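Report on one structure; see the data block that follows.
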Amino acid sequence: MELRANLNIKQIIINFMLISACITAAMGILGVMFLPDLRVTYNSFFTPFMFAAISMFPSLAYISRRILSKAQMIRRMILHFFLLEASVLGFAYFADVLISPEITASLALSVLIIDAVMIALTMVNTGRVAAEFNEALKKMQEQLE
């Protein structure tokens, strides 16, 4: 039984690194806003990678045995978002990161923004790949004629 996924290994690694970069930026912005006097330790450098790893698990919602319709993909994106919020906020809760309602709300908003950025980047990349693929098909068709 073969499972088709919309994400291949290369794309998962790229997404992980992009998510880590976005999380690092979000941590810096939230830190300046809410905890400007806090000094971080070297252990803090690993936090974005832990959150990025946790945020990759909800991507399993995109795995399908068949190609999804547009409506099915939108439903999967919504499911992914709620799973993403739950996993990130749950991890933050158990890591004692959620020390105030403002930080909790800011973290939830950050997850929304990062997810929107990732969707936009994925759409741009998918459009580029589709255009290249269509161009290659057009050249093949011209060669056959």
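Letters A, B, ... mark the chains of the structure tokens in the order given; residue numbers begin at 1 per chain; ligand numbers begin at 1, in order shown.
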
Might you pull out every residue within 9 Å of region 21-35 of chain A, with only C-alpha atoms counted and same-chain residues fewer than 2 positions away left off, and present them as a list in words?
Phe16, Met17, Leu18, Ile19, Asp37, Leu38, Arg39, Phe45, Thr47, Pro48, Phe49, Phe51, Ala52, Glu102, Ile103, Ser106, Leu107, Ser110, Val111, Ile114 and Val117 of chain A

Please, could you write that set of residues out with N, CA and C atoms as an mmCIF file, in the first residue's frame?
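Dumped everything to result.cif:
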data_model
loop_
_atom_site.group_PDB
_atom_site.id
_atom_site.type_symbol
_atom_site.label_atom_id
_atom_site.label_comp_id
_atom_site.auth_asym_id
_atom_site.auth_seq_id
_atom_site.Cartn_x
_atom_site.Cartn_y
_atom_site.Cartn_z
ATOM 1 N N PHE A 16 11.140 22.633 7.279
ATOM 2 C CA PHE A 16 11.680 22.642 8.641
ATOM 3 C C PHE A 16 12.613 23.839 8.845
ATOM 4 N N MET A 17 13.489 24.076 7.888
ATOM 5 C CA MET A 17 14.427 25.188 8.024
ATOM 6 C C MET A 17 13.713 26.540 7.940
ATOM 7 N N LEU A 18 12.746 26.669 7.049
ATOM 8 C CA LEU A 18 11.987 27.918 6.954
ATOM 9 C C LEU A 18 11.182 28.169 8.228
ATOM 10 N N ILE A 19 10.567 27.113 8.750
ATOM 11 C CA ILE A 19 9.804 27.248 9.992
ATOM 12 C C ILE A 19 10.734 27.630 11.136
ATOM 13 N N ASP A 37 14.186 42.343 29.273
ATOM 14 C CA ASP A 37 15.340 42.261 30.165
ATOM 15 C C ASP A 37 15.859 40.841 30.360
ATOM 16 N N LEU A 38 15.164 39.861 29.787
ATOM 17 C CA LEU A 38 15.568 38.467 29.944
ATOM 18 C C LEU A 38 16.816 38.178 29.117
ATOM 19 N N ARG A 39 17.778 37.538 29.719
ATOM 20 C CA ARG A 39 18.984 37.104 29.015
ATOM 21 C C ARG A 39 18.851 35.620 28.728
ATOM 22 N N PHE A 45 19.122 28.454 21.966
ATOM 23 C CA PHE A 45 19.336 28.329 20.529
ATOM 24 C C PHE A 45 18.645 27.095 19.950
ATOM 25 N N THR A 47 15.646 25.960 20.960
ATOM 26 C CA THR A 47 14.197 26.096 21.069
ATOM 27 C C THR A 47 13.499 26.190 19.712
ATOM 28 N N PRO A 48 13.975 27.022 18.771
ATOM 29 C CA PRO A 48 13.280 27.064 17.476
ATOM 30 C C PRO A 48 13.254 25.709 16.771
ATOM 31 N N PHE A 49 14.328 24.932 16.905
ATOM 32 C CA PHE A 49 14.368 23.623 16.264
ATOM 33 C C PHE A 49 13.391 22.656 16.920
ATOM 34 N N PHE A 51 10.539 23.533 18.468
ATOM 35 C CA PHE A 51 9.203 23.942 18.033
ATOM 36 C C PHE A 51 8.975 23.578 16.565
ATOM 37 N N ALA A 52 9.980 23.708 15.727
ATOM 38 C CA ALA A 52 9.845 23.340 14.312
ATOM 39 C C ALA A 52 9.603 21.836 14.172
ATOM 40 N N GLU A 102 -1.101 37.094 27.566
ATOM 41 C CA GLU A 102 -0.577 37.845 26.419
ATOM 42 C C GLU A 102 0.409 37.013 25.613
ATOM 43 N N ILE A 103 1.269 36.288 26.303
ATOM 44 C CA ILE A 103 2.244 35.433 25.609
ATOM 45 C C ILE A 103 1.526 34.289 24.901
ATOM 46 N N SER A 106 -0.103 35.762 21.835
ATOM 47 C CA SER A 106 0.936 36.117 20.863
ATOM 48 C C SER A 106 1.513 34.880 20.190
ATOM 49 N N LEU A 107 1.698 33.816 20.961
ATOM 50 C CA LEU A 107 2.210 32.572 20.391
ATOM 51 C C LEU A 107 1.198 31.994 19.401
ATOM 52 N N SER A 110 1.353 34.031 16.353
ATOM 53 C CA SER A 110 2.605 33.730 15.640
ATOM 54 C C SER A 110 2.481 32.449 14.830
ATOM 55 N N VAL A 111 1.833 31.440 15.408
ATOM 56 C CA VAL A 111 1.622 30.176 14.693
ATOM 57 C C VAL A 111 0.770 30.429 13.449
ATOM 58 N N ILE A 114 2.990 32.310 10.855
ATOM 59 C CA ILE A 114 4.004 31.428 10.274
ATOM 60 C C ILE A 114 3.349 30.415 9.343
ATOM 61 N N VAL A 117 2.533 32.203 6.136
ATOM 62 C CA VAL A 117 3.754 32.424 5.353
ATOM 63 C C VAL A 117 4.170 31.127 4.652
#

Quick one: pull the distance between CA of Pro58 (chain A) and CA of Leu79 (chain A), Å, one decimal.
8.5 Å

Find, counting only C-alpha atoms, the residue in A:Met50, A:Ile119, A:Leu98, A:Ala92 that gets nearest to His80 (chain A).
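Looking only at the distances to His80 (chain A), the closest residue turns out to be A:Ile119.
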
Enter the distance from CA of Ile14 (chain A) to CA of Phe94 (chain A), in Å, rounded to one decimal.
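Distance between the two atoms: 27.1 Å.
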
What does the distance from CA of Thr122 (chain A) to CA of Met77 (chain A) come to in Å, to one decimal?
12.3 Å

Gly90 (chain A) environment, 12 Å, only C-alpha atoms, sequence neighbours closer than 4 positions dropped, as a PDB file with C-alpha atoms, in the first residue's frame:
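The result, written out as part-v4.pdb:
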ATOM      1  CA  PHE A  51       9.203  23.942  18.033  1.00  0.00           C
ATOM      2  CA  ILE A  54       6.862  19.594  16.891  1.00  0.00           C
ATOM      3  CA  SER A  55       5.196  21.610  14.134  1.00  0.00           C
ATOM      4  CA  PHE A  82      -5.884  23.273  14.281  1.00  0.00           C
ATOM      5  CA  LEU A  83      -3.514  20.349  14.872  1.00  0.00           C
ATOM      6  CA  LEU A  84      -0.581  22.764  14.539  1.00  0.00           C
ATOM      7  CA  GLU A  85      -2.031  25.201  17.081  1.00  0.00           C
ATOM      8  CA  ALA A  86      -2.807  22.355  19.490  1.00  0.00           C
ATOM      9  CA  PHE A  94       4.388  21.598  29.057  1.00  0.00           C
ATOM     10  CA  ALA A  95       7.629  23.552  28.563  1.00  0.00           C
ATOM     11  CA  ASP A  96       6.276  26.318  30.873  1.00  0.00           C
ATOM     12  CA  VAL A  97       6.565  28.928  28.121  1.00  0.00           C
ATOM     13  CA  LEU A  98       2.989  30.160  28.535  1.00  0.00           C
ATOM     14  CA  THR A 104      -0.267  32.651  24.908  1.00  0.00           C
ATOM     15  CA  LEU A 107       2.210  32.572  20.391  1.00  0.00           C
ATOM     16  CA  ALA A 108      -1.123  31.494  18.862  1.00  0.00           C
TER      17      ALA A 108
END
